[in-house]
Structure formats: structure tokens, C-alpha cells
$ cat query35.tsv   # TSV, C-alpha atoms
chain	number	residue	atom	x	y	z
A	36	MET	CA	-36.07	1.33	-33.90
A	37	MET	CA	-38.11	2.21	-30.81
A	38	LEU	CA	-37.04	0.19	-27.75
A	39	ILE	CA	-39.06	2.00	-25.10
A	40	ALA	CA	-42.71	3.06	-25.08
A	41	ARG	CA	-45.20	4.25	-22.49
A	42	HIS	CA	-47.99	1.98	-21.22
A	43	ALA	CA	-51.30	3.43	-22.40
A	44	HIS	CA	-52.97	3.02	-19.00
A	45	THR	CA	-50.29	3.01	-16.28
A	46	LYS	CA	-48.19	5.68	-18.10
A	47	GLU	CA	-45.03	3.82	-17.14
A	48	TYR	CA	-42.10	3.42	-19.52
A	49	MET	CA	-41.69	-0.15	-20.70
A	50	ASP	CA	-38.73	-1.87	-22.32
A	51	ALA	CA	-39.91	-3.83	-25.38
A	52	ASN	CA	-38.27	-6.97	-24.01
A	53	LEU	CA	-40.46	-6.79	-20.90
A	54	ALA	CA	-43.70	-5.65	-22.56
A	55	ARG	CA	-46.73	-7.90	-22.98
A	56	LEU	CA	-48.33	-8.38	-26.40
A	57	ASN	CA	-51.89	-7.95	-25.11
A	58	ASP	CA	-51.24	-4.51	-23.52
A	59	GLU	CA	-51.47	-1.17	-25.29
A	60	TYR	CA	-48.51	1.19	-25.61
A	61	VAL	CA	-48.03	4.69	-26.96
A	62	CYS	CA	-45.05	6.61	-28.35
A	63	PRO	CA	-43.47	8.82	-25.66
A	64	GLY	CA	-42.94	11.51	-28.28
A	65	CYS	CA	-46.29	11.88	-30.06
A	66	GLY	CA	-48.64	9.89	-27.81
A	67	GLU	CA	-49.97	7.75	-30.69
A	68	LEU	CA	-50.50	4.01	-30.37
A	69	VAL	CA	-47.59	1.76	-31.27
A	70	CYS	CA	-47.37	-1.96	-32.01
A	71	LEU	CA	-45.18	-4.26	-29.97
A	72	LYS	CA	-43.14	-6.54	-32.21
A	73	LYS	CA	-41.43	-9.61	-30.77
A	74	GLY	CA	-39.93	-12.14	-33.13
A	75	LYS	CA	-37.09	-14.61	-33.45
A	76	ILE	CA	-34.98	-12.60	-35.89
A	77	LYS	CA	-35.14	-8.93	-34.84
A	78	ILE	CA	-34.84	-7.69	-31.30
A	79	ALA	CA	-38.09	-6.74	-29.55
A	80	HIS	CA	-39.21	-3.23	-30.46
A	81	TYR	CA	-42.17	-0.93	-31.01
A	82	ALA	CA	-43.39	0.53	-34.29
A	83	HIS	CA	-45.82	3.37	-35.01
A	84	LYS	CA	-49.16	2.39	-36.44
A	85	ILE	CA	-49.15	5.72	-38.34
A	86	LEU	CA	-45.60	7.07	-38.51
A	87	ALA	CA	-46.62	10.31	-40.27
A	88	ASN	CA	-48.30	11.58	-37.09
A	89	CYS	CA	-45.05	11.51	-35.07
A	90	ASP	CA	-43.11	14.77	-34.85
A	91	ALA	CA	-40.43	13.36	-32.52
A	92	SER	CA	-37.73	11.10	-33.87
A	93	SER	CA	-37.39	7.90	-31.87
A	94	GLU	CA	-33.82	7.51	-33.12
A	95	GLY	CA	-32.54	10.86	-31.91
A	96	GLU	CA	-32.27	12.63	-28.59
A	97	LEU	CA	-35.63	11.29	-27.37
A	98	ALA	CA	-34.50	7.69	-27.77
A	99	LEU	CA	-31.20	8.39	-26.01
A	100	HIS	CA	-33.03	9.97	-23.09
A	101	LEU	CA	-35.58	7.17	-22.72
A	102	GLN	CA	-33.06	4.37	-23.08
A	103	GLY	CA	-30.70	6.06	-20.66
A	104	LYS	CA	-33.47	6.60	-18.18
A	105	LEU	CA	-34.39	2.93	-18.26
A	106	ALA	CA	-30.73	1.91	-17.92
A	107	LEU	CA	-30.42	4.19	-14.88
A	108	PHE	CA	-33.55	2.61	-13.43
A	109	GLN	CA	-31.94	-0.82	-13.71
A	110	TYR	CA	-28.62	0.51	-12.38
A	111	PHE	CA	-30.12	2.13	-9.27
A	112	SER	CA	-32.45	-0.85	-8.64
A	113	LYS	CA	-29.38	-2.94	-7.85
A	114	LYS	CA	-27.98	-0.40	-5.38
A	115	TYR	CA	-30.98	1.23	-3.67
A	116	ASP	CA	-33.95	0.00	-1.64
A	117	GLU	CA	-36.55	1.46	-3.98
A	118	VAL	CA	-36.55	3.17	-7.37
A	119	LYS	CA	-39.45	4.97	-9.04
A	120	LEU	CA	-39.54	6.00	-12.69
A	121	GLU	CA	-41.15	9.39	-13.43
A	122	HIS	CA	-42.90	9.62	-10.07
A	123	TRP	CA	-45.36	12.56	-9.93
A	124	LEU	CA	-44.73	15.01	-7.06
A	125	SER	CA	-48.12	16.70	-6.77
A	126	GLU	CA	-46.98	19.18	-4.08
A	127	ILE	CA	-44.63	20.90	-6.50
A	128	GLN	CA	-46.17	19.77	-9.81
A	129	GLN	CA	-42.92	18.15	-10.95
A	130	ARG	CA	-41.95	14.75	-12.27
A	131	PRO	CA	-38.25	13.87	-11.84
A	132	ASP	CA	-36.86	11.23	-14.16
A	133	LEU	CA	-36.23	8.90	-11.23
A	134	MET	CA	-36.69	8.81	-7.47
A	135	ILE	CA	-34.31	6.60	-5.50
A	136	ARG	CA	-34.56	5.65	-1.83
A	137	ARG	CA	-32.03	4.29	0.64
A	138	GLY	CA	-33.48	3.85	4.10
A	139	ASP	CA	-35.86	6.76	4.63
A	140	LYS	CA	-33.93	9.20	2.42
A	141	TRP	CA	-35.22	9.96	-1.09
A	142	THR	CA	-33.18	11.54	-3.89
A	143	ALA	CA	-34.55	13.03	-7.11
A	144	ILE	CA	-32.60	12.19	-10.27
A	145	GLU	CA	-32.72	14.44	-13.34
A	146	PHE	CA	-31.24	12.80	-16.43
A	147	GLN	CA	-30.46	15.60	-18.88
A	148	CYS	CA	-29.85	15.06	-22.58
A	149	ALA	CA	-31.50	18.10	-24.17
A	150	PRO	CA	-30.46	21.74	-23.75
A	151	ILE	CA	-32.01	23.47	-20.76
A	152	THR	CA	-31.77	27.03	-19.47
A	153	LEU	CA	-30.31	28.08	-16.14
A	154	ASP	CA	-33.70	29.45	-15.08
A	155	GLN	CA	-35.35	26.10	-15.78
A	156	VAL	CA	-32.76	24.26	-13.70
A	157	ARG	CA	-33.17	26.71	-10.85
A	158	LYS	CA	-36.96	26.46	-11.00
A	159	ARG	CA	-36.85	22.68	-10.71
A	160	MET	CA	-34.30	22.87	-7.90
A	161	ALA	CA	-36.51	25.33	-6.01
A	162	GLY	CA	-39.32	22.77	-6.12
A	163	TYR	CA	-37.13	19.96	-4.82
A	164	ARG	CA	-35.83	22.16	-2.02
A	165	LYS	CA	-39.40	22.78	-0.87
A	166	LEU	CA	-39.68	19.04	-0.27
A	167	HIS	CA	-36.16	18.88	1.24
A	168	LEU	CA	-35.16	16.42	-1.47
A	169	GLN	CA	-31.57	15.75	-2.35
A	170	THR	CA	-31.17	16.13	-6.11
A	171	LEU	CA	-28.63	14.89	-8.62
A	172	TRP	CA	-28.41	15.98	-12.24
A	173	ILE	CA	-26.80	13.42	-14.53
A	174	LEU	CA	-25.78	14.46	-18.04
A	175	GLY	CA	-26.30	12.16	-21.00
A	176	GLU	CA	-24.07	11.44	-23.96
A	177	THR	CA	-25.01	14.61	-25.85
A	178	TYR	CA	-23.15	16.59	-23.17
A	179	GLN	CA	-20.13	14.31	-23.41
A	180	LYS	CA	-19.45	14.88	-27.09
A	181	LYS	CA	-18.23	18.43	-26.63
A	182	ARG	CA	-16.09	20.44	-24.25
A	183	LEU	CA	-18.34	21.92	-21.60
A	184	LEU	CA	-18.23	25.66	-21.05
A	185	ALA	CA	-17.81	26.95	-17.51
A	186	THR	CA	-21.37	28.30	-17.66
A	187	THR	CA	-22.67	24.80	-18.44
A	188	MET	CA	-20.58	23.22	-15.70
A	189	ALA	CA	-21.92	25.74	-13.20
A	190	LYS	CA	-25.46	24.94	-14.27
A	191	PHE	CA	-25.19	21.26	-13.26
A	192	ALA	CA	-22.34	21.11	-10.71
A	193	VAL	CA	-23.05	19.72	-7.24
A	194	ILE	CA	-20.96	19.57	-4.07
A	195	HIS	CA	-20.10	16.01	-3.12
A	196	ASN	CA	-17.43	14.95	-0.61
A	197	PHE	CA	-15.97	18.49	-0.44
A	198	GLU	CA	-15.59	18.70	-4.20
A	199	LEU	CA	-17.46	20.35	-7.05
A	200	LYS	CA	-18.54	17.59	-9.41
A	201	ILE	CA	-20.48	17.12	-12.64
A	202	PHE	CA	-22.05	13.69	-13.07
A	203	PHE	CA	-22.44	11.84	-16.37
A	204	TRP	CA	-23.85	8.56	-17.64
A	205	ASN	CA	-23.20	6.41	-20.68
A	206	TYR	CA	-23.49	2.70	-21.51
A	207	LYS	CA	-19.76	2.10	-21.30
A	208	HIS	CA	-19.00	3.68	-17.89
A	209	ASN	CA	-22.46	3.85	-16.30
A	210	ILE	CA	-22.40	6.78	-13.85
A	211	TYR	CA	-19.14	8.68	-13.49
A	212	TYR	CA	-18.14	12.19	-12.52
A	213	GLN	CA	-15.59	14.86	-13.31
A	214	GLY	CA	-14.22	17.09	-10.59
A	215	TRP	CA	-14.17	20.81	-11.33
A	216	TRP	CA	-10.87	22.37	-10.28
A	217	GLN	CA	-9.09	25.42	-11.63
A	218	ILE	CA	-5.47	26.57	-11.81
A	219	ASP	CA	-4.59	30.20	-12.45
A	220	ASN	CA	-3.18	30.54	-15.96
A	221	GLY	CA	-3.65	26.78	-16.36
A	222	GLY	CA	-7.33	26.23	-17.05
A	223	LEU	CA	-9.56	23.43	-15.79
A	224	VAL	CA	-8.45	20.13	-14.28
A	225	THR	CA	-10.57	17.19	-13.14
A	226	ARG	CA	-8.86	16.51	-9.83
A	227	LYS	CA	-7.03	18.36	-7.09
A	228	THR	CA	-3.43	18.62	-8.20
A	229	ARG	CA	-0.25	20.44	-7.20
A	230	VAL	CA	0.40	23.69	-9.04
A	231	ASN	CA	3.82	24.10	-10.61
A	232	ASN	CA	3.28	27.18	-12.72
A	233	GLN	CA	3.75	30.02	-10.22
A	234	LEU	CA	6.31	31.71	-12.47
A	235	GLN	CA	3.88	31.61	-15.39
A	236	GLN	CA	1.23	33.13	-13.13
A	237	LEU	CA	3.61	35.95	-12.22
A	238	LEU	CA	4.43	36.57	-15.86
A	239	LYS	CA	0.72	36.66	-16.71
A	240	ILE	CA	0.10	39.28	-14.03
A	241	GLN	CA	3.03	41.34	-15.28
A	242	GLN	CA	1.64	41.20	-18.82
A	243	SER	CA	-1.81	42.24	-17.59
A	244	VAL	CA	-0.30	45.29	-15.91
A	245	ILE	CA	1.65	46.26	-19.03
A	246	LEU	CA	-1.43	45.85	-21.22
A	247	ALA	CA	-3.63	47.66	-18.67
A	248	LYS	CA	-6.30	44.95	-18.82
A	249	PRO	CA	-9.68	46.05	-17.38
A	250	LYS	CA	-10.12	42.81	-15.40
A	251	ILE	CA	-7.37	43.78	-12.94
A	252	ARG	CA	-8.25	47.47	-12.64
A	253	GLU	CA	-10.35	47.12	-9.47
A	254	ILE	CA	-7.79	45.11	-7.50
A	255	GLN	CA	-4.99	47.29	-8.91
A	256	GLU	CA	-6.60	50.46	-7.56
A	257	TYR	CA	-7.35	48.74	-4.25
A	258	LEU	CA	-3.70	47.79	-3.76
A	259	TYR	CA	-2.45	51.16	-4.96
A	260	LYS	CA	-4.31	52.84	-2.09
A	261	GLN	CA	-2.34	50.56	0.25
A	262	ASN	CA	0.97	51.60	-1.39
A	263	ARG	CA	1.26	48.15	-2.92
A	264	ASN	CA	1.23	46.74	-6.42
A	265	ILE	CA	-0.23	43.67	-8.09
A	266	VAL	CA	3.03	42.16	-9.24
A	267	GLY	CA	4.39	42.34	-5.69
A	268	ILE	CA	1.67	40.27	-4.00
A	269	PRO	CA	3.08	37.64	-1.60
A	270	TRP	CA	3.83	34.20	-2.98
A	271	ILE	CA	1.19	32.75	-0.64
A	272	CYS	CA	-1.41	34.34	-2.93
A	273	HIS	CA	-0.36	31.97	-5.72
A	274	ALA	CA	-2.16	28.75	-4.75
A	275	GLN	CA	-0.01	25.65	-4.30
A	276	TYR	CA	-2.89	23.38	-5.33
A	277	SER	CA	-5.78	23.67	-7.72
A	278	LEU	CA	-8.92	25.13	-6.17
A	279	PRO	CA	-12.65	24.55	-6.78
A	280	GLY	CA	-13.98	26.02	-10.02
A	281	GLY	CA	-16.63	28.66	-10.48
A	282	LEU	CA	-14.64	31.88	-10.19
A	283	LYS	CA	-14.70	34.21	-13.18
A	284	ILE	CA	-11.46	35.85	-12.04
A	285	PRO	CA	-8.07	34.33	-11.11
A	286	HIS	CA	-7.77	32.80	-7.64
A	287	TRP	CA	-5.03	35.22	-6.64
A	288	GLN	CA	-7.48	38.14	-6.71
A	289	VAL	CA	-9.49	36.51	-3.91
A	290	ALA	CA	-6.42	35.22	-2.08
A	291	VAL	CA	-4.80	38.67	-1.84
A	292	ARG	CA	-7.92	40.10	-0.17
A	293	ILE	CA	-7.89	37.29	2.38
A	294	ILE	CA	-4.20	37.74	3.15
A	295	MET	CA	-4.62	41.50	3.63
A	296	VAL	CA	-7.37	40.91	6.18
A	297	LEU	CA	-5.26	38.33	8.02
A	298	GLU	CA	-2.36	40.79	8.18
A	299	ASN	CA	-4.38	42.98	10.51
A	300	LYS	CA	-6.01	40.49	12.87
A	301	SER	CA	-7.19	36.94	13.45
A	302	VAL	CA	-10.36	36.25	11.47
A	303	SER	CA	-13.11	33.61	11.59
A	304	MET	CA	-14.36	31.72	8.55
A	305	ASP	CA	-17.64	33.68	8.56
A	306	GLU	CA	-15.79	37.00	8.70
A	307	MET	CA	-13.71	36.06	5.69
A	308	LEU	CA	-16.81	35.07	3.77
A	309	GLN	CA	-18.44	38.39	4.60
A	310	ARG	CA	-15.43	40.57	3.83
A	311	CYS	CA	-13.19	38.75	1.41
A	312	ILE	CA	-15.10	36.58	-1.07
A	313	VAL	CA	-15.79	38.62	-4.17
A	314	GLN	CA	-19.04	38.14	-6.04
A	315	ASP	CA	-17.64	37.60	-9.52
A	316	TRP	CA	-18.70	33.95	-9.74
A	317	GLN	CA	-20.46	31.84	-12.31
A	318	GLN	CA	-24.23	31.51	-11.96
A	319	PHE	CA	-24.99	28.12	-10.44
A	320	GLY	CA	-28.09	26.05	-11.02
A	321	CYS	CA	-28.01	23.14	-8.55
A	322	VAL	CA	-26.05	24.67	-5.67
A	323	MET	CA	-26.07	28.02	-3.91
A	324	VAL	CA	-23.13	30.28	-4.77
A	325	ARG	CA	-22.57	30.82	-1.04
A	326	ASP	CA	-21.89	27.11	-0.61
A	327	VAL	CA	-19.38	27.17	-3.50
A	328	GLN	CA	-17.63	30.14	-1.89
A	329	LYS	CA	-17.43	28.25	1.42
A	330	LEU	CA	-15.99	25.25	-0.41
A	331	TRP	CA	-13.37	27.41	-2.15
A	332	LEU	CA	-12.38	29.09	1.12
A	333	TYR	CA	-12.21	25.73	2.93
A	334	HIS	CA	-9.70	24.37	0.41
A	335	PHE	CA	-7.64	27.56	0.26
A	336	LEU	CA	-7.30	27.74	4.05
A	337	ASN	CA	-6.73	24.01	4.45
A	338	ASP	CA	-3.90	24.08	1.90
A	339	ALA	CA	-2.34	27.07	3.67
A	340	LEU	CA	-2.61	25.30	7.03
A	341	LYS	CA	-0.83	22.23	5.69
A	342	ALA	CA	1.93	24.46	4.30
A	343	ASN	CA	2.29	26.14	7.73
A	344	GLN	CA	1.46	29.51	6.17
A	345	ILE	CA	-1.46	30.17	8.50
A	346	GLU	CA	-2.57	28.95	11.93
A	347	TYR	CA	-5.97	28.16	13.44
A	348	THR	CA	-6.60	28.84	17.13
A	349	ASN	CA	-9.76	29.55	19.13
A	350	GLY	CA	-11.96	29.38	16.06
A	351	LYS	CA	-9.97	31.96	14.09
A	352	PHE	CA	-7.27	32.03	11.44
A	353	LYS	CA	-4.10	34.08	11.50
A	354	LEU	CA	-0.87	34.29	9.53
A	355	ALA	CA	1.88	32.04	10.86
A	356	ASN	CA	4.50	34.61	9.84
A	357	LEU	CA	4.66	38.03	8.28
A	358	VAL	CA	4.24	37.80	4.53
A	359	LYS	CA	6.62	39.59	2.20
A	360	TRP	CA	5.39	42.03	-0.43
A	361	PHE	CA	7.69	42.92	-3.29
A	362	ASP	CA	8.42	46.25	-4.93
A	363	THR	CA	9.18	44.95	-8.41
A	364	TYR	CA	8.76	41.97	-10.67
A	365	GLN	CA	12.49	41.30	-10.54
A	366	ASP	CA	12.62	41.34	-6.72
A	367	LYS	CA	9.83	38.79	-6.55
A	368	LEU	CA	11.45	36.61	-9.19
A	369	GLU	CA	14.76	36.58	-7.34
A	370	ALA	CA	13.03	35.64	-4.07
A	371	PHE	CA	11.34	32.70	-5.80
A	372	ARG	CA	14.59	31.47	-7.30
A	373	GLU	CA	16.36	31.75	-3.95
A	374	ALA	CA	13.61	29.81	-2.19
A	375	TYR	CA	13.63	27.19	-4.95
A	376	PHE	CA	17.41	26.80	-4.66
A	377	ILE	CA	17.20	26.31	-0.89
A	378	ASP	CA	14.37	23.75	-1.21
A	379	SER	CA	16.27	21.86	-3.92
A	380	HIS	CA	19.46	21.88	-1.83
A	381	ILE	CA	17.64	20.47	1.22
A	382	LEU	CA	15.99	17.81	-0.94
A	383	SER	CA	19.36	16.79	-2.42
A	384	ARG	CA	20.94	16.49	1.05
A	385	ARG	CA	18.05	14.28	2.21
A	386	LYS	CA	18.52	11.99	-0.79
A	387	LEU	CA	22.27	11.70	-0.09
A	388	SER	CA	21.70	10.93	3.59
A	389	ASN	CA	19.33	8.13	2.66

$ encode --input "query35.tsv" --output "C-alpha cells"
Amino acid sequence: MMLIARHAHTKEYMDANLARLNDEYVCPGCGELVCLKKGKIKIAHYAHKILANCDASSEGELALHLQGKLALFQYFSKKYDEVKLEHWLSEIQQRPDLMIRRGDKWTAIEFQCAPITLDQVRKRMAGYRKLHLQTLWILGETYQKKRLLATTMAKFAVIHNFELKIFFWNYKHNIYYQGWWQIDNGGLVTRKTRVNNQLQQLLKIQQSVILAKPKIREIQEYLYKQNRNIVGIPWICHAQYSLPGGLKIPHWQVAVRIIMVLENKSVSMDEMLQRCIVQDWQQFGCVMVRDVQKLWLYHFLNDALKANQIEYTNGKFKLANLVKWFDTYQDKLEAFREAYFIDSHILSRRKLSN
């Protein structure tokens, strides 16, 4: 049953409930004329005059996209000053699904249900950037029925309130988002959370060394030249909280480079970006990889500041104390257990005193 059609003259999408019987409408899929049917028994809908000429199924992905687009139009109309459906941007020859305005600021909305390539997303984003338009990609229900790959998440992720997010829409929840955070040896999480698997991370690194995995070869050789080894990296390199997603390698490989720079001198944020952020990231569609790297570094440094592991003075970061490198897996394990025992003992004494 077709619930949405396009007005034959204005080209606007029209809900069957709001359509007028005397106007002409066409199928959004094939462009052929459709009949508007409004009765007392069935809900208002459109029907093809000649169904055989339609190659697009009104019950499939096309219908989901059109119905979702109209629902988003109604949703944004209640929250924004002005909403336009499929407004033509002649300067860039593009037609976003919706344009929403609050005050004098316009935002382009892309509602995505069908598969789309990274190059296509980037091409559309390049057009919107030419007009200095904020843009939000919202994924429909077809993207919510399966677990998204990291490559897909990178294609649509945006930075919002210092967090990488992927936005979705469905009839039940309207618009909602999932945060994109990662934990070494722990996979993806949807919110910033404390990491409690440092020992598992250490074991994973030890196993990688034993198995001589190619992914650690570069950092292994780099540390070897410094008379250091991977297993012995300082505990500060094992993040205490989940960090923004997008890296193709574990967080500790970036963290160890940052710590080694900070061992030698105080460093500004820009210097760390230039010298420490490796380029093995996912390919992003809606945001620049440089902005994702800045976001990652912001959270890593902010977490370390809160833990009193680093200090920030005169626009530069430095280590609060000398960090300890370890010679062997066992030495590092013992140091962790000793620190854990001390922390647990202090916590127990505080509970007793209260």
C-alpha cells in the first residue's frame, strides 16, 4: 500500500491523508500517475493506474525511505523554525532529504536507508561544505537490523558534544544515537565507560609477541631501538576509560608514542598531533580524520589529567611523574598486583572510617 506520492506539479511529497482528490500525483519510484483513494474502510492511500510499469516496489526500501522522510519532516517541524522537504540546492546540484532551520542556521539532513558508497557520502559532504552547511546523516531501519561494521560506522559518524556518534531513526524511538567508543581487547561500547580489563590487555600483547603478529611489528621495532619492549610499556598506556572509535589498531600503540614524546619534553596539543597520531584510521565520510584524531587525543589527555598522570602548564603537557617501564611480563604483572593491593587497602580503610 502506497502512503506517500509526489505531487505531479509541485514535485513535493504528499501523505495520502493530506492529499486532495482533485490534484494529480505520481509514484516516486516510476514516475507514473497514481490514483488517490480515500474511503471509510481502508486508510487513505495511492494506487498505480498501471502497476506493470513500476519497477520499484512501494512496499520495500523505497516505502520505508519515503515514510521515514515524511515522519522526520513532521518531527523537525515541531522543533525547528522552518523545515523544507527535498529542497534543491542549485549551487551544488544537490537535493538533501530535508533542510531544517533554527534562527539563521540551516542544517542539511540525509536520511539513509539504501546502501551507499564512501565516495558518494564524501561527494555529497563536499558539496555541503561549499555552502558551509551543517549536515547530519540519519540511518533508517535497514541499518538497525544488523550489526554495523566499523567501516560503516566511520562512513556516517559525526562529532557531537565531544563524542563520535551515529544517528538513527525509527517509528518507536524517533531520532536516537549511539556513541562510538572502543576498549582495547574489549570491542565497541556505546558510551564512555571505565576500563577494567588491563590484565587482559597485557595478556593479549604478550600473546601477540609470542605469535609474532604482523600488526605489532612496526611498534615492536620502534621500541626495540629504544632498548624497550612492548610488554613492558607503562601502565599509563593502557587507557583507564574507553576512547573514541575509528582506530584500526589498539589504543596503546598510539598512547605509547605520546608517552615517549612527553618523557623528553613538554609538548603542545598541535605537536602531539603532528608527531604522535598514527595514520592507521578508518576512512571517514562525514567528518575529517584530523578532527577524529583531535577528539581522540582530547579524551586521552583529559583522562590522564584527571588521573594526575600528566600536567598542563603554559599551553603544554608534561608527565606528572616519571613513568616506569618493565623488563618482563612478570615484573609488570607484579607491579599491577601491588598497586591493586594498595588501592584496595586504602579503599577498605576509608570504608571502615566511615

$ closest_residue --input "query35.tsv" --among "A:Gln147, A:Asn220, A:Thr363, A:Gln288" --to "A:Trp204" --atoms "all atoms listed in the file"
A:Gln147

$ residues_around --input "query35.tsv" --residues "A:Phe203" --least-positions-apart "6" --cutoff "6 Å" --atoms "only C-alpha atoms" --output "PyMOL selection string"
chain A and resi 173-174+210-212

$ closest_atom_pairs --input "query35.tsv" --of "stretch 156-237 of chain A" --to "stretch 336-341 of chain A" --cutoff "12 Å" --atoms "all atoms listed in the file" --output "JSON lines"
{"residue": "A:Phe197", "atom": "CA", "partner": "A:Asn337", "partner_atom": "CA", "distance": 11.8}
{"residue": "A:Lys227", "atom": "CA", "partner": "A:Asp338", "partner_atom": "CA", "distance": 11.1}
{"residue": "A:Thr228", "atom": "CA", "partner": "A:Asp338", "partner_atom": "CA", "distance": 11.5}
{"residue": "A:Arg229", "atom": "CA", "partner": "A:Asp338", "partner_atom": "CA", "distance": 10.5}
{"residue": "A:Val230", "atom": "CA", "partner": "A:Asp338", "partner_atom": "CA", "distance": 11.8}

$ atom_distance --input "query35.tsv" --atom1 "atom CA of A:Arg130" --atom2 "atom CA of A:Arg157"
14.9 Å

$ residues_around --input "query35.tsv" --residues "A:Leu258" --least-positions-apart "5" --cutoff "12 Å" --atoms "only C-alpha atoms" --output "JSON, numbers by chain"
{"A": [251, 252, 253, 263, 264, 265, 266, 267, 268, 288, 291, 292, 295, 360]}

$ atom_distance --input "query35.tsv" --atom1 "atom CA of A:Gly74" --atom2 "atom CA of A:Asn52"
10.6 Å

$ closest_residue --input "query35.tsv" --among "A:Ile85, A:Val193, A:Gln317, A:Lys367" --to "A:Gln233" --atoms "all atoms listed in the file"
A:Lys367

$ residues_around --input "query35.tsv" --residues "A:Gln235" --least-positions-apart "4" --cutoff "12 Å" --atoms "all atoms listed in the file" --output "PDB file with C-alpha atoms, in the frame of the given file"
ATOM      1  CA  ILE A 218      -5.470  26.570 -11.810  1.00  0.00           C
ATOM      2  CA  ASP A 219      -4.590  30.200 -12.450  1.00  0.00           C
ATOM      3  CA  ASN A 220      -3.180  30.540 -15.960  1.00  0.00           C
ATOM      4  CA  GLY A 221      -3.650  26.780 -16.360  1.00  0.00           C
ATOM      5  CA  VAL A 230       0.400  23.690  -9.040  1.00  0.00           C
ATOM      6  CA  ASN A 231       3.820  24.100 -10.610  1.00  0.00           C
ATOM      7  CA  LYS A 239       0.720  36.660 -16.710  1.00  0.00           C
ATOM      8  CA  ILE A 240       0.100  39.280 -14.030  1.00  0.00           C
ATOM      9  CA  GLN A 241       3.030  41.340 -15.280  1.00  0.00           C
ATOM     10  CA  GLN A 242       1.640  41.200 -18.820  1.00  0.00           C
ATOM     11  CA  HIS A 273      -0.360  31.970  -5.720  1.00  0.00           C
ATOM     12  CA  LEU A 368      11.450  36.610  -9.190  1.00  0.00           C
TER      13      LEU A 368
END

$ closest_residue --input "query35.tsv" --among "A:Ile293, A:Ala143, A:Leu308, A:Leu133" --to "A:His167" --atoms "only C-alpha atoms"
A:Ala143

$ residues_around --input "query35.tsv" --residues "stretch 343-354 of chain A" --least-positions-apart "2" --cutoff "7 Å" --atoms "all atoms listed in the file" --output "ChimeraX atom specification"
/A:297-298,300-303,339-341,356-357

$ write_last_selection --input "query35.tsv" --atoms "C-alpha atoms" --output "JSON list (two decimals), keeping the file's coordinate frame"
[["chain", "number", "residue", "atom", "x", "y", "z"],
["A", 297, "LEU", "CA", -5.26, 38.33, 8.02],
["A", 298, "GLU", "CA", -2.36, 40.79, 8.18],
["A", 300, "LYS", "CA", -6.01, 40.49, 12.87],
["A", 301, "SER", "CA", -7.19, 36.94, 13.45],
["A", 302, "VAL", "CA", -10.36, 36.25, 11.47],
["A", 303, "SER", "CA", -13.11, 33.61, 11.59],
["A", 339, "ALA", "CA", -2.34, 27.07, 3.67],
["A", 340, "LEU", "CA", -2.61, 25.30, 7.03],
["A", 341, "LYS", "CA", -0.83, 22.23, 5.69],
["A", 356, "ASN", "CA", 4.50, 34.61, 9.84],
["A", 357, "LEU", "CA", 4.66, 38.03, 8.28]]

$ atom_distance --input "query35.tsv" --atom1 "atom CA of A:Arg325" --atom2 "atom CA of A:Tyr259"
28.9 Å

$ residues_around --input "query35.tsv" --residues "A:Val289" --least-positions-apart "3" --cutoff "8 Å" --atoms "all atoms listed in the file" --output "mmCIF file with C-alpha atoms, in the coordinates of the input"
data_model
loop_
_atom_site.group_PDB
_atom_site.id
_atom_site.type_symbol
_atom_site.label_atom_id
_atom_site.label_comp_id
_atom_site.auth_asym_id
_atom_site.auth_seq_id
_atom_site.Cartn_x
_atom_site.Cartn_y
_atom_site.Cartn_z
ATOM 1 C CA PRO A 285 -8.070 34.330 -11.110
ATOM 2 C CA HIS A 286 -7.770 32.800 -7.640
ATOM 3 C CA ARG A 292 -7.920 40.100 -0.170
ATOM 4 C CA ILE A 293 -7.890 37.290 2.380
ATOM 5 C CA CYS A 311 -13.190 38.750 1.410
ATOM 6 C CA ILE A 312 -15.100 36.580 -1.070
ATOM 7 C CA VAL A 313 -15.790 38.620 -4.170
#

$ closest_residue --input "query35.tsv" --among "A:Thr225, A:Gln169, A:Ser243, A:Gln102" --to "A:Met134" --atoms "all atoms listed in the file"
A:Gln169

$ residues_near_point --input "query35.tsv" --point "(-17.4, 29.5, -3.4)" --cutoff "8 Å" --atoms "all atoms listed in the file" --output "ChimeraX atom specification"
/A:279,281-282,312,316,324-332

$ closest_residue --input "query35.tsv" --among "A:Ile135, A:Ala43, A:Ile284, A:Ala189" --to "A:Tyr115" --atoms "all atoms listed in the file"
A:Ile135

$ closest_residue --input "query35.tsv" --among "A:Leu171, A:Cys70, A:Cys148, A:Leu234" --to "A:Phe371" --atoms "all atoms listed in the file"
A:Leu234

$ decode --input "query35.tsv" --residues "stretch 233-248 of chain A" --atoms "C-alpha atoms" --output "mmCIF file, in the first residue's frame"
data_model
loop_
_atom_site.group_PDB
_atom_site.id
_atom_site.type_symbol
_atom_site.label_atom_id
_atom_site.label_comp_id
_atom_site.auth_asym_id
_atom_site.auth_seq_id
_atom_site.Cartn_x
_atom_site.Cartn_y
_atom_site.Cartn_z
ATOM 1 C CA GLN A 233 44.056 -4.039 31.814
ATOM 2 C CA LEU A 234 45.311 -7.515 32.685
ATOM 3 C CA GLN A 235 43.534 -8.973 29.651
ATOM 4 C CA GLN A 236 45.131 -6.259 27.524
ATOM 5 C CA LEU A 237 48.558 -7.220 28.860
ATOM 6 C CA LEU A 238 47.920 -10.882 28.156
ATOM 7 C CA LYS A 239 46.797 -10.045 24.614
ATOM 8 C CA ILE A 240 50.017 -8.124 23.981
ATOM 9 C CA GLN A 241 52.072 -10.999 25.363
ATOM 10 C CA GLN A 242 50.269 -13.425 23.054
ATOM 11 C CA SER A 243 50.855 -11.142 20.069
ATOM 12 C CA VAL A 244 54.574 -11.115 20.809
ATOM 13 C CA ILE A 245 54.709 -14.907 21.140
ATOM 14 C CA LEU A 246 52.783 -15.373 17.892
ATOM 15 C CA ALA A 247 54.857 -12.675 16.141
ATOM 16 C CA LYS A 248 51.752 -10.963 14.760
#
